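**Q** Structure file run-v1.txt, compact mmCIF, C-alpha atoms and all ligand atoms, is pasted below:
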```
# COMPACT_ATOMS: atom_id res chain seq x y z
CA MET W 1 -12.46 6.79 -55.61
CA ASN W 2 -9.37 7.10 -57.75
CA GLY W 3 -6.13 9.03 -57.68
CA ASP W 4 -3.70 9.82 -54.90
CA ILE W 5 -5.20 9.48 -51.41
CA ASN W 6 -2.86 12.23 -50.13
CA ARG W 7 -4.83 14.64 -52.31
CA LEU W 8 -7.53 14.52 -49.60
CA PHE W 9 -5.17 15.72 -46.90
CA GLU W 10 -2.96 18.20 -48.72
CA PRO W 11 -1.84 21.02 -46.44
CA SER W 12 -3.25 24.34 -47.49
CA ILE W 13 -4.25 27.61 -45.89
CA SER W 14 -7.64 26.16 -44.99
CA TYR W 15 -6.35 22.76 -43.96
CA ASN W 16 -7.40 23.25 -40.32
CA ASP W 17 -10.93 24.14 -41.39
CA MET W 18 -11.04 21.21 -43.79
CA ILE W 19 -10.08 18.77 -41.02
CA ARG W 20 -12.85 20.18 -38.82
CA THR W 21 -15.39 19.78 -41.61
CA GLN W 22 -14.21 16.24 -42.29
CA PHE W 23 -14.38 15.49 -38.56
CA LEU W 24 -18.07 16.41 -38.62
CA GLU W 25 -18.63 14.45 -41.84
CA HIS W 26 -16.72 11.24 -41.17
CA ILE W 27 -16.24 10.80 -37.44
CA ALA W 28 -19.34 9.44 -35.68
CA GLN W 29 -20.68 12.03 -33.24
CA THR W 30 -22.06 11.41 -29.79
CA SER W 31 -23.55 14.84 -29.14
CA PRO W 32 -25.08 17.59 -31.27
CA ALA W 33 -22.40 20.08 -30.14
CA PRO W 34 -18.96 18.47 -29.93
CA LEU W 35 -16.22 20.30 -28.02
CA MET W 36 -14.22 20.67 -31.30
CA ILE W 37 -10.83 21.30 -29.68
CA GLU W 38 -8.20 19.82 -32.00
CA VAL W 39 -5.08 18.70 -30.18
CA GLU W 40 -1.92 18.76 -32.25
CA ARG W 41 0.50 18.12 -29.42
CA ALA W 42 0.29 17.60 -25.67
CA GLU W 43 2.92 17.85 -22.99
CA GLY W 44 2.69 17.71 -19.19
CA ILE W 45 -0.59 19.38 -18.20
CA TYR W 46 -0.92 21.29 -21.50
CA LEU W 47 -2.75 20.63 -24.77
CA TYR W 48 -1.70 22.60 -27.89
CA THR W 49 -3.85 23.19 -30.95
CA PRO W 50 -2.74 23.77 -34.56
CA ARG W 51 -3.92 27.38 -34.17
CA GLY W 52 -1.29 27.96 -31.50
CA GLU W 53 -3.67 27.92 -28.54
CA ARG W 54 -2.66 26.29 -25.27
CA TYR W 55 -5.10 24.69 -22.84
CA VAL W 56 -4.51 23.48 -19.30
CA ASP W 57 -5.99 19.99 -19.22
CA LEU W 58 -8.40 19.76 -16.29
CA VAL W 59 -9.89 16.51 -17.57
CA SER W 60 -6.86 14.28 -18.24
CA GLY W 61 -8.80 12.43 -20.94
CA VAL W 62 -11.19 11.55 -18.10
CA SER W 63 -8.64 10.49 -15.48
CA VAL W 64 -6.30 8.75 -17.92
CA SER W 65 -3.23 11.00 -18.22
CA ASN W 66 -2.12 10.77 -14.58
CA VAL W 67 1.60 10.91 -15.46
CA GLY W 68 1.21 13.92 -17.76
CA HIS W 69 1.04 14.04 -21.55
CA ALA W 70 3.95 12.76 -23.64
CA ASN W 71 5.64 11.39 -20.55
CA GLY W 72 9.16 10.51 -21.70
CA GLU W 73 9.34 7.19 -19.86
CA VAL W 74 6.00 6.01 -21.22
CA VAL W 75 6.85 7.10 -24.77
CA GLU W 76 10.13 5.24 -24.60
CA ALA W 77 8.47 2.06 -23.29
CA VAL W 78 5.92 2.20 -26.11
CA GLN W 79 8.58 2.68 -28.76
CA ARG W 80 10.77 -0.09 -27.39
CA GLN W 81 7.92 -2.60 -27.13
CA ALA W 82 6.50 -1.69 -30.56
CA ALA W 83 9.91 -2.40 -32.05
CA ASP W 84 10.24 -5.72 -30.16
CA TYR W 85 6.78 -7.13 -30.94
CA MET W 86 3.18 -6.01 -30.97
CA HIS W 87 0.40 -8.55 -31.41
CA THR W 88 1.32 -12.23 -31.34
CA MET W 89 -1.49 -14.42 -30.07
CA VAL W 90 -4.72 -13.95 -28.08
CA TYR W 91 -4.61 -13.33 -24.37
CA GLY W 92 -3.70 -15.99 -21.82
CA GLU W 93 -2.04 -18.55 -24.08
CA THR W 94 1.41 -17.19 -24.89
CA VAL W 95 3.79 -15.76 -22.29
CA MET W 96 4.16 -12.04 -22.94
CA ARG W 97 6.75 -10.44 -20.72
CA PRO W 98 5.14 -6.94 -20.51
CA GLN W 99 1.88 -8.52 -19.26
CA VAL W 100 3.61 -10.71 -16.70
CA GLU W 101 5.82 -7.91 -15.39
CA TYR W 102 2.92 -5.48 -15.09
CA ALA W 103 0.65 -8.04 -13.38
CA ARG W 104 3.44 -8.71 -10.86
CA LEU W 105 3.90 -5.01 -10.16
CA LEU W 106 0.15 -4.57 -9.65
CA ALA W 107 0.01 -7.56 -7.30
CA GLU W 108 2.82 -6.05 -5.26
CA TYR W 109 0.79 -2.87 -4.64
CA LEU W 110 -2.60 -4.56 -4.14
CA PRO W 111 -3.94 -6.51 -1.13
CA GLU W 112 -2.81 -10.13 -1.05
CA ASN W 113 -6.02 -11.64 -2.41
CA LEU W 114 -5.85 -9.50 -5.58
CA ASN W 115 -3.05 -11.41 -7.21
CA SER W 116 -4.42 -12.61 -10.54
CA VAL W 117 -4.92 -10.10 -13.36
CA TYR W 118 -7.07 -10.55 -16.45
CA PHE W 119 -6.12 -7.77 -18.90
CA VAL W 120 -8.74 -6.45 -21.33
CA ASN W 121 -9.02 -3.37 -23.58
CA SER W 122 -11.22 -0.96 -21.67
CA GLY W 123 -13.14 -0.17 -18.52
CA ALA W 124 -16.45 -1.50 -19.76
CA GLU W 125 -14.79 -4.78 -20.70
CA ALA W 126 -13.23 -5.04 -17.26
CA VAL W 127 -16.71 -4.64 -15.75
CA GLU W 128 -18.18 -7.22 -18.16
CA GLY W 129 -15.45 -9.68 -17.22
CA ALA W 130 -15.93 -9.05 -13.50
CA MET W 131 -19.71 -9.60 -13.74
CA LYS W 132 -19.18 -12.87 -15.63
CA LEU W 133 -16.58 -14.03 -13.14
CA ALA W 134 -18.91 -13.34 -10.20
CA LYS W 135 -21.77 -15.24 -11.84
CA ARG W 136 -19.54 -18.18 -12.68
CA GLN W 137 -17.96 -18.28 -9.22
CA THR W 138 -21.18 -18.00 -7.18
CA GLY W 139 -23.60 -19.78 -9.51
CA ARG W 140 -25.99 -16.86 -8.89
CA SER W 141 -27.30 -14.32 -11.38
CA GLU W 142 -28.36 -11.13 -9.59
CA ILE W 143 -26.05 -8.15 -9.83
CA VAL W 144 -26.65 -5.23 -7.48
CA SER W 145 -25.28 -1.77 -8.29
CA MET W 146 -25.72 1.79 -7.12
CA ARG W 147 -27.88 4.67 -8.29
CA GLY W 148 -25.67 7.30 -9.91
CA ALA W 149 -23.09 4.68 -10.92
CA TYR W 150 -21.33 4.63 -14.27
CA HIS W 151 -19.57 1.44 -15.31
CA GLY W 152 -19.34 1.75 -19.11
CA SER W 153 -21.40 1.83 -22.26
CA THR W 154 -21.61 -1.83 -23.36
CA GLN W 155 -24.91 -3.58 -22.70
CA GLY W 156 -23.82 -5.46 -19.57
CA ALA W 157 -22.14 -2.43 -18.03
CA MET W 158 -25.13 -0.30 -19.06
CA SER W 159 -27.50 -2.71 -17.32
CA ILE W 160 -25.91 -1.81 -13.99
CA MET W 161 -25.68 1.91 -14.79
CA GLY W 162 -27.49 3.90 -12.14
CA ASP W 163 -29.26 6.36 -14.41
CA GLU W 164 -32.40 5.61 -16.40
CA PHE W 165 -32.14 8.54 -18.83
CA PHE W 166 -29.07 7.16 -20.58
CA LYS W 167 -30.18 3.56 -20.80
CA SER W 168 -33.92 3.38 -21.39
CA ALA W 169 -33.57 3.66 -25.20
CA PHE W 170 -31.42 0.51 -25.25
CA ARG W 171 -33.69 -1.88 -23.40
CA PRO W 172 -34.05 -4.81 -23.07
CA LEU W 173 -30.79 -5.02 -21.15
CA LEU W 174 -29.55 -7.72 -18.77
CA PRO W 175 -32.21 -9.22 -16.49
CA ASP W 176 -31.69 -9.61 -12.75
CA CYS W 177 -29.96 -6.29 -12.14
CA ARG W 178 -31.10 -4.30 -9.13
CA HIS W 179 -30.14 -0.85 -7.93
CA ILE W 180 -29.68 0.42 -4.41
CA ARG W 181 -28.96 3.92 -3.15
CA TYR W 182 -25.29 4.81 -2.73
CA ASN W 183 -24.61 5.59 0.92
CA SER W 184 -27.89 4.09 2.13
CA VAL W 185 -27.13 1.55 4.86
CA GLU W 186 -30.83 0.68 4.90
CA ASP W 187 -30.70 -0.48 1.26
CA LEU W 188 -27.92 -2.97 2.03
CA GLU W 189 -30.74 -5.32 3.16
CA LEU W 190 -31.66 -5.68 -0.53
CA ILE W 191 -28.40 -7.60 -1.03
CA THR W 192 -29.38 -11.22 -0.40
CA GLU W 193 -28.40 -14.87 -0.91
CA ARG W 194 -29.57 -14.44 -4.52
CA THR W 195 -26.92 -11.80 -5.19
CA ALA W 196 -23.87 -12.86 -7.19
CA ALA W 197 -22.09 -9.55 -6.78
CA VAL W 198 -22.43 -5.93 -5.77
CA VAL W 199 -20.62 -3.45 -8.00
CA ALA W 200 -19.63 -0.12 -6.46
CA GLU W 201 -17.28 2.78 -7.05
CA CYS W 202 -15.15 3.83 -4.07
CA ILE W 203 -15.96 7.42 -5.05
CA GLN W 204 -18.74 7.90 -7.58
CA GLY W 205 -17.13 9.79 -10.46
CA GLU W 206 -19.83 10.51 -13.03
CA ALA W 207 -22.41 11.23 -10.34
CA GLY W 208 -20.34 14.39 -9.78
CA VAL W 209 -17.65 13.06 -7.41
CA ARG W 210 -19.77 11.68 -4.57
CA LEU W 211 -17.79 10.46 -1.57
CA PRO W 212 -18.85 7.50 0.56
CA ASN W 213 -20.18 8.30 4.05
CA GLU W 214 -18.00 7.25 6.94
CA GLY W 215 -18.35 3.48 7.39
CA TYR W 216 -20.55 2.91 4.33
CA LEU W 217 -18.11 0.84 2.25
CA GLN W 218 -17.21 -1.21 5.34
CA ALA W 219 -20.92 -1.93 5.94
CA LEU W 220 -21.27 -2.92 2.28
CA ARG W 221 -18.33 -5.32 2.62
CA THR W 222 -19.88 -6.85 5.76
CA ARG W 223 -23.25 -7.33 4.08
CA CYS W 224 -21.64 -9.04 1.06
CA ASP W 225 -19.83 -11.43 3.42
CA GLU W 226 -23.05 -12.19 5.32
CA VAL W 227 -24.89 -13.34 2.21
CA GLY W 228 -21.95 -14.75 0.24
CA ALA W 229 -22.08 -12.13 -2.52
CA LEU W 230 -18.83 -10.98 -4.12
CA LEU W 231 -17.86 -7.33 -3.85
CA ILE W 232 -16.65 -5.77 -7.09
CA LEU W 233 -15.01 -2.36 -6.71
CA ASP W 234 -14.84 -0.28 -9.88
CA GLU W 235 -11.64 1.77 -9.54
CA ILE W 236 -11.51 2.59 -13.22
CA GLN W 237 -11.57 6.32 -12.57
CA THR W 238 -10.18 6.50 -9.04
CA ALA W 239 -6.94 4.47 -9.09
CA PHE W 240 -3.26 5.20 -9.75
CA GLY W 241 -3.02 8.15 -7.40
CA ARG W 242 -6.02 10.03 -8.75
CA CYS W 243 -7.66 10.25 -5.29
CA GLY W 244 -4.51 10.73 -3.24
CA ALA W 245 -3.87 7.01 -2.72
CA MET W 246 -2.51 4.49 -5.20
CA PHE W 247 -5.96 2.84 -5.06
CA ALA W 248 -8.93 4.72 -3.61
CA MET W 249 -10.00 1.61 -1.67
CA GLU W 250 -7.03 2.31 0.63
CA LEU W 251 -8.95 5.36 1.92
CA SER W 252 -11.60 3.09 3.45
CA GLY W 253 -9.51 -0.03 3.96
CA VAL W 254 -12.16 -2.11 2.17
CA VAL W 255 -10.82 -4.93 0.01
CA PRO W 256 -13.01 -6.28 -2.79
CA ASP W 257 -13.18 -9.80 -4.21
CA ILE W 258 -12.78 -8.39 -7.70
CA LEU W 259 -11.23 -5.06 -8.67
CA CYS W 260 -11.83 -3.31 -12.01
CA LEU W 261 -9.14 -1.07 -13.48
CA ALA W 262 -8.73 0.87 -16.75
CA LYS W 263 -8.10 4.50 -17.78
CA ALA W 264 -4.73 5.38 -16.12
CA LEU W 265 -3.87 1.65 -16.02
CA GLY W 266 -2.55 1.95 -19.59
CA GLY W 267 -0.60 5.19 -19.09
CA GLY W 268 -2.44 6.67 -22.11
CA MET W 269 -2.80 3.43 -24.06
CA PRO W 270 -6.07 1.44 -24.09
CA LEU W 271 -5.97 -1.12 -21.29
CA GLY W 272 -8.38 -2.49 -18.71
CA ALA W 273 -8.22 -5.30 -16.19
CA PHE W 274 -10.26 -7.21 -13.68
CA VAL W 275 -8.22 -8.52 -10.79
CA SER W 276 -9.11 -11.21 -8.29
CA SER W 277 -7.61 -14.10 -6.35
CA ARG W 278 -6.05 -16.87 -8.34
CA GLU W 279 -8.61 -19.23 -6.82
CA ILE W 280 -11.64 -17.25 -8.06
CA MET W 281 -10.03 -16.49 -11.41
CA GLN W 282 -9.43 -20.21 -11.99
CA SER W 283 -13.17 -20.67 -12.50
CA LEU W 284 -12.77 -19.18 -15.99
CA THR W 285 -10.59 -22.11 -17.05
CA HIS W 286 -13.27 -24.86 -16.94
CA ASN W 287 -17.00 -25.46 -17.36
CA PRO W 288 -16.63 -23.98 -19.91
CA VAL W 289 -13.00 -23.74 -20.84
CA LEU W 290 -12.18 -20.25 -22.22
CA GLY W 291 -14.66 -18.62 -19.84
CA HIS W 292 -13.55 -15.19 -21.04
CA ILE W 293 -11.49 -14.50 -24.14
CA THR W 294 -10.10 -11.48 -25.94
CA THR W 295 -7.90 -10.97 -28.99
CA PHE W 296 -6.24 -7.69 -28.07
CA GLY W 297 -6.75 -7.49 -24.28
CA GLY W 298 -3.43 -6.93 -22.52
CA HIS W 299 -1.73 -5.78 -25.70
CA PRO W 300 2.02 -5.86 -24.99
CA VAL W 301 2.53 -2.23 -26.02
CA CYS W 302 -0.29 -1.13 -23.69
CA CYS W 303 1.10 -3.23 -20.82
CA ALA W 304 4.60 -1.81 -21.37
CA ALA W 305 3.14 1.71 -21.33
CA GLY W 306 1.06 1.01 -18.22
CA LYS W 307 3.96 -0.50 -16.33
CA ALA W 308 6.17 2.50 -17.20
CA ALA W 309 3.41 4.87 -16.06
CA MET W 310 2.89 3.09 -12.75
CA GLY W 311 6.65 3.01 -12.25
CA TYR W 312 6.73 6.77 -12.88
CA ILE W 313 3.96 7.35 -10.30
CA ILE W 314 5.89 5.35 -7.71
CA LYS W 315 9.32 6.88 -8.41
CA ASN W 316 8.05 10.46 -8.40
CA ASP W 317 5.56 9.95 -5.56
CA LEU W 318 2.70 11.35 -7.60
CA VAL W 319 0.33 9.88 -5.03
CA ALA W 320 1.60 12.39 -2.45
CA ASN W 321 1.54 15.17 -5.05
CA SER W 322 -2.09 14.33 -5.86
CA ARG W 323 -2.92 14.59 -2.17
CA THR W 324 -1.16 17.91 -1.50
CA ARG W 325 -2.15 19.56 -4.77
CA GLY W 326 -5.74 18.45 -4.18
CA GLU W 327 -5.67 20.02 -0.72
CA GLN W 328 -4.20 23.18 -2.24
CA PHE W 329 -7.03 23.37 -4.79
CA ARG W 330 -9.66 22.93 -2.07
CA ALA W 331 -8.00 25.51 0.21
CA LEU W 332 -7.78 28.11 -2.57
CA LEU W 333 -11.35 27.42 -3.67
CA LYS W 334 -12.65 27.35 -0.09
CA ASN W 335 -15.47 29.76 -0.88
CA TYR W 336 -17.03 27.27 -3.30
CA GLU W 337 -18.46 23.80 -2.86
CA VAL W 338 -15.69 21.52 -4.02
CA ARG W 339 -16.18 17.76 -3.62
CA GLY W 340 -13.33 15.33 -3.99
CA GLU W 341 -10.25 13.52 -2.83
CA GLY W 342 -6.78 14.09 -4.25
CA LEU W 343 -7.06 15.40 -7.81
CA LEU W 344 -10.55 14.11 -8.60
CA MET W 345 -12.79 17.08 -7.91
CA ALA W 346 -16.15 18.60 -8.78
CA VAL W 347 -16.88 22.29 -8.34
CA GLU W 348 -20.60 22.54 -7.63
CA LEU W 349 -22.32 25.61 -9.10
CA GLY W 350 -25.93 24.67 -8.36
CA SER W 351 -27.35 24.98 -11.88
CA ALA W 352 -26.61 23.63 -15.34
CA GLU W 353 -26.71 27.15 -16.77
CA LYS W 354 -23.95 28.35 -14.44
CA MET W 355 -21.90 25.24 -15.11
CA TYR W 356 -22.12 25.59 -18.93
CA ARG W 357 -21.17 29.25 -18.68
CA ALA W 358 -18.20 28.46 -16.45
CA VAL W 359 -16.93 25.69 -18.76
CA ALA W 360 -17.24 28.04 -21.78
CA GLN W 361 -15.41 30.85 -19.95
CA LEU W 362 -12.72 28.46 -18.79
CA LYS W 363 -12.24 27.41 -22.41
CA GLU W 364 -11.83 31.06 -23.43
CA ARG W 365 -9.16 31.44 -20.73
CA GLY W 366 -7.29 28.36 -21.90
CA TYR W 367 -8.64 25.63 -19.61
CA MET W 368 -10.28 22.45 -20.77
CA SER W 369 -12.88 21.30 -18.27
CA ASP W 370 -16.03 19.28 -18.58
CA TRP W 371 -19.13 18.31 -16.63
CA PHE W 372 -20.17 14.89 -15.40
CA LEU W 373 -22.40 12.38 -17.13
CA PHE W 374 -24.99 12.36 -14.33
CA CYS W 375 -24.30 15.78 -12.84
CA ASP W 376 -24.60 18.85 -15.04
CA THR W 377 -24.37 21.37 -12.23
CA ALA W 378 -20.67 20.89 -11.47
CA PHE W 379 -17.47 21.09 -13.51
CA ARG W 380 -14.48 18.81 -13.32
CA ILE W 381 -10.99 19.45 -11.99
CA SER W 382 -8.86 16.36 -12.60
CA PRO W 383 -5.54 17.50 -14.07
CA PRO W 384 -2.50 15.24 -14.57
CA LEU W 385 -0.98 14.36 -11.18
CA THR W 386 2.25 16.08 -12.24
CA ILE W 387 0.69 19.52 -11.75
CA THR W 388 2.87 21.88 -9.67
CA ALA W 389 1.95 24.21 -6.78
CA GLU W 390 2.51 27.23 -9.03
CA GLN W 391 0.26 25.84 -11.75
CA VAL W 392 -2.49 25.12 -9.19
CA GLU W 393 -2.25 28.69 -7.89
CA ARG W 394 -2.57 30.18 -11.37
CA CYS W 395 -5.44 27.87 -12.20
CA CYS W 396 -7.37 28.73 -9.02
CA GLY W 397 -6.80 32.46 -9.63
CA ASP W 398 -8.44 32.12 -13.06
CA ILE W 399 -11.28 29.94 -11.74
CA ILE W 400 -12.08 32.45 -8.97
CA ASP W 401 -11.97 35.27 -11.51
CA ILE W 402 -14.44 33.47 -13.74
CA LEU W 403 -16.79 32.37 -10.99
C1 LIG L 1 -16.09 4.36 -12.96
C2 LIG L 1 -16.04 3.99 -14.41
N1 LIG L 1 -16.24 2.71 -14.77
C3 LIG L 1 -16.20 2.33 -16.06
C4 LIG L 1 -15.95 3.24 -17.07
C5 LIG L 1 -15.92 2.79 -18.51
O1 LIG L 1 -14.64 2.78 -19.02
P1 LIG L 1 -14.41 2.74 -20.61
O2 LIG L 1 -14.88 4.04 -21.16
O3 LIG L 1 -12.94 2.51 -20.76
O4 LIG L 1 -15.21 1.58 -21.12
C6 LIG L 1 -15.75 4.58 -16.73
C7 LIG L 1 -15.51 5.60 -17.78
O5 LIG L 1 -15.67 6.77 -17.62
C8 LIG L 1 -15.78 4.97 -15.38
O6 LIG L 1 -15.60 6.25 -15.00
```
Show how you would write the structure in this file as structure tokens.
**A**
Amino acid sequence: MNGDINRLFEPSISYNDMIRTQFLEHIAQTSPAPLMIEVERAEGIYLYTPRGERYVDLVSGVSVSNVGHANGEVVEAVQRQAADYMHTMVYGETVMRPQVEYARLLAEYLPENLNSVYFVNSGAEAVEGAMKLAKRQTGRSEIVSMRGAYHGSTQGAMSIMGDEFFKSAFRPLLPDCRHIRYNSVEDLELITERTAAVVAECIQGEAGVRLPNEGYLQALRTRCDEVGALLILDEIQTAFGRCGAMFAMELSGVVPDILCLAKALGGGMPLGAFVSSREIMQSLTHNPVLGHITTFGGHPVCCAAGKAAMGYIIKNDLVANSRTRGEQFRALLKNYEVRGEGLLMAVELGSAEKMYRAVAQLKERGYMSDWFLFCDTAFRISPPLTITAEQVERCCGDIIDIL
């Protein structure tokens, strides 16, 4: 190629169309029919396109944008940290103030044993790190996970995914992974002295927002203790107020040995973490040394953004707002089957056809919704936690109209 690279992106009357064509040509696709909404700007609960359309965001980038889009405090933290320094040295060797301050803040809000944070780049990496840590700590290899569970798209995380359709084409995956039924107390017997760890979501997100039965997570915790298996809770989608508590585990009172975080952890920047006790985490320092390493994990700009976002949630009590706005949604939509806690909800329509039609009609009305990876009969309501009572009312009016 020669000449001026800007030539490829020159604004013109058909620039919007050209970008869409180039998106299809040069950006790798993951489905035959991409959503194709181009976001030019986003603010609060709204997404704006270059064509002047406005969408209410009912997805939040899949439970990422808890503090609303273009949150002033997060933007400022990003700008300040980017100007101070960005990348310096790989994780865990140099002292980076944004990492330390954020880890301290997290430890303050987590149960006492969850006081050591290993920052990574994404949810799947947090799960990979947690699985490795459990194997190293227990000297065992079996990982037990739940049917209907989603833990990420890398090969380790995919090995414990609870859905065969999405993973069979990628076998062989990790050996020694076993699945049990979520909410089946009977299946807890399959967790044994061979089990290094059980990985579970407090509320199963991609299964279509499936809540735990009363006492189930407590029984799981007890069984893990009986056989010496570690309990890993994946709160990648459920934390930071999303379910009406800072961490969804507070709803059951169950405390894991290892906690996985990502999504809203970075306040809109890519960040993941697995969190455990200092004692367990120490096992990554020897036999072998450098038991888990990452170049970009815990990037200072991402940590600064995440800390600002968590600070914003605390200061503005978005946890309480998530709870009351969630209740408002469920009260207004009382004639439909709505599953969820706080602002993580699934509206069950009973068939994929009805769900696709509803999502398309919502799009026409200016709402961006989506379905769930393992549940194509329900659509998602998970707006930023900054949503107001008035906005919820308008949204429910439109949803009822459509349904
Ligand atoms: C519960 C849960 N775990 C893990 C992941 C994977 O996170 P990431 O896409 O950042 O790898 C997701 C993503 O949707 C998730 O919902």
**Q** Hey, what's within 7 Å of region 183-188 of chain W if we count only C-alpha atoms and toss same-chain stuff fewer than 6 positions away? As a PDB file with C-alpha atoms, in the frame of the given file, please?
**A**
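Result file follows (result10.pdb):
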```pdb
ATOM      1  CA  PRO W 212     -18.850   7.500   0.560  1.00  0.00           C
ATOM      2  CA  ASN W 213     -20.180   8.300   4.050  1.00  0.00           C
ATOM      3  CA  TYR W 216     -20.550   2.910   4.330  1.00  0.00           C
ATOM      4  CA  LEU W 220     -21.270  -2.920   2.280  1.00  0.00           C
ATOM      5  CA  ARG W 223     -23.250  -7.330   4.080  1.00  0.00           C
TER       6      ARG W 223
END
```
**Q** State, in Å with one decimal place, the distance from CA of Ile399 (chain W) to CA of Arg54 (chain W).
**A**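 Here the two named atoms are 16.5 Å from each other.
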**Q** CA of Phe372 (chain W) to CA of Ala207 (chain W): how many Å, to one decimal?
**A** 6.6 Å
**Q** List every residue of chain W that has an atom at most 6 Å from any atom of ligand LIG 1 (chain L), giving for each one its closest atom pair and the distance in Å to one decimal, counting only C-alpha atoms and all ligand atoms, sorted by chain and then by ascending residue number, as CSV.
**A**
```
residue,atom,partner,partner_atom,distance
W:Ser122,CA,L:LIG1,O3,4.0
W:Gly123,CA,L:LIG1,O1,3.3
W:Ala124,CA,L:LIG1,O4,3.6
W:Tyr150,CA,L:LIG1,C2,5.3
W:His151,CA,L:LIG1,C3,3.6
W:Gly152,CA,L:LIG1,C5,3.6
W:Gly205,CA,L:LIG1,O6,6.0
W:Asp234,CA,L:LIG1,C1,5.7
W:Ile236,CA,L:LIG1,C2,4.9
W:Gln237,CA,L:LIG1,O6,4.7
```
**Q** How far is it from CA of Glu125 (chain W) to CA of Ser65 (chain W), in Å with one decimal?
**A**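 One can read the CA of Glu125 (chain W) to CA of Ser65 (chain W) distance as 19.7 Å.
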**Q** Using only C-alpha atoms for the distances, tell me which of W:Gly215, W:Gln155, W:Gln79, W:Asp376 is nearest to Lys167 (chain W).
**A**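 Of all the options, W:Gln155 lies closest to Lys167 (chain W).
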**Q** I'd like the contact shell of Val78 (chain W) - 12 Å cut-off, all atoms listed in the file, skipping same-chain residues fewer than 2 positions apart - returned as a ChimeraX atom specification.
**A** /W:70-76,80-86,98,266-269,299-309
**Q** Pick out the residues sitting within 12 Å of Leu362 (chain W), and hand them over as a PyMOL selection string; count all atoms listed in the file, and ignore anything fewer than 4 positions along from it in its own chain.
**A** chain W and resi 55-58+355-358+366-370+379-381+395-403
**Q** Using all atoms listed in the file, which protein or nucleic acid residues come within 12 Å of region 194-196 of chain W? Drop anything in the same chain fewer than 6 positions from it, and give the result as a PDB file with C-alpha atoms, in the frame of the given file.
**A**
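Saved to selection-v5.pdb:
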```pdb
ATOM      1  CA  ALA W 130     -15.930  -9.050 -13.500  1.00  0.00           C
ATOM      2  CA  MET W 131     -19.710  -9.600 -13.740  1.00  0.00           C
ATOM      3  CA  LYS W 132     -19.180 -12.870 -15.630  1.00  0.00           C
ATOM      4  CA  LEU W 133     -16.580 -14.030 -13.140  1.00  0.00           C
ATOM      5  CA  ALA W 134     -18.910 -13.340 -10.200  1.00  0.00           C
ATOM      6  CA  LYS W 135     -21.770 -15.240 -11.840  1.00  0.00           C
ATOM      7  CA  ARG W 136     -19.540 -18.180 -12.680  1.00  0.00           C
ATOM      8  CA  GLN W 137     -17.960 -18.280  -9.220  1.00  0.00           C
ATOM      9  CA  THR W 138     -21.180 -18.000  -7.180  1.00  0.00           C
ATOM     10  CA  GLY W 139     -23.600 -19.780  -9.510  1.00  0.00           C
ATOM     11  CA  ARG W 140     -25.990 -16.860  -8.890  1.00  0.00           C
ATOM     12  CA  SER W 141     -27.300 -14.320 -11.380  1.00  0.00           C
ATOM     13  CA  GLU W 142     -28.360 -11.130  -9.590  1.00  0.00           C
ATOM     14  CA  ILE W 143     -26.050  -8.150  -9.830  1.00  0.00           C
ATOM     15  CA  VAL W 144     -26.650  -5.230  -7.480  1.00  0.00           C
ATOM     16  CA  SER W 145     -25.280  -1.770  -8.290  1.00  0.00           C
ATOM     17  CA  ASP W 176     -31.690  -9.610 -12.750  1.00  0.00           C
ATOM     18  CA  CYS W 177     -29.960  -6.290 -12.140  1.00  0.00           C
ATOM     19  CA  ARG W 178     -31.100  -4.300  -9.130  1.00  0.00           C
ATOM     20  CA  HIS W 179     -30.140  -0.850  -7.930  1.00  0.00           C
ATOM     21  CA  LEU W 188     -27.920  -2.970   2.030  1.00  0.00           C
ATOM     22  CA  ARG W 223     -23.250  -7.330   4.080  1.00  0.00           C
ATOM     23  CA  CYS W 224     -21.640  -9.040   1.060  1.00  0.00           C
ATOM     24  CA  ASP W 225     -19.830 -11.430   3.420  1.00  0.00           C
ATOM     25  CA  GLU W 226     -23.050 -12.190   5.320  1.00  0.00           C
ATOM     26  CA  VAL W 227     -24.890 -13.340   2.210  1.00  0.00           C
ATOM     27  CA  GLY W 228     -21.950 -14.750   0.240  1.00  0.00           C
ATOM     28  CA  ALA W 229     -22.080 -12.130  -2.520  1.00  0.00           C
ATOM     29  CA  LEU W 230     -18.830 -10.980  -4.120  1.00  0.00           C
ATOM     30  CA  LEU W 231     -17.860  -7.330  -3.850  1.00  0.00           C
ATOM     31  CA  ILE W 232     -16.650  -5.770  -7.090  1.00  0.00           C
ATOM     32  CA  ASP W 257     -13.180  -9.800  -4.210  1.00  0.00           C
ATOM     33  CA  ILE W 258     -12.780  -8.390  -7.700  1.00  0.00           C
TER      34      ILE W 258
END
```
**Q** From the options W:Ala103, W:Ile387, W:Ala126, W:Met146, which residue's atoms come nearest to Leu318 (chain W), counting only C-alpha atoms?
**A**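 Result for the nearest residue to Leu318 (chain W): W:Ile387.
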**Q** Quick one: everything within 10 Å of Gly342 (chain W), counting all atoms listed in the file, minus sequence neighbours fewer than 6 positions away in the same chain. Send it as an MDAnalysis selection string.
**A** chainID W and resid 238 241:245 248 319:330 382 385
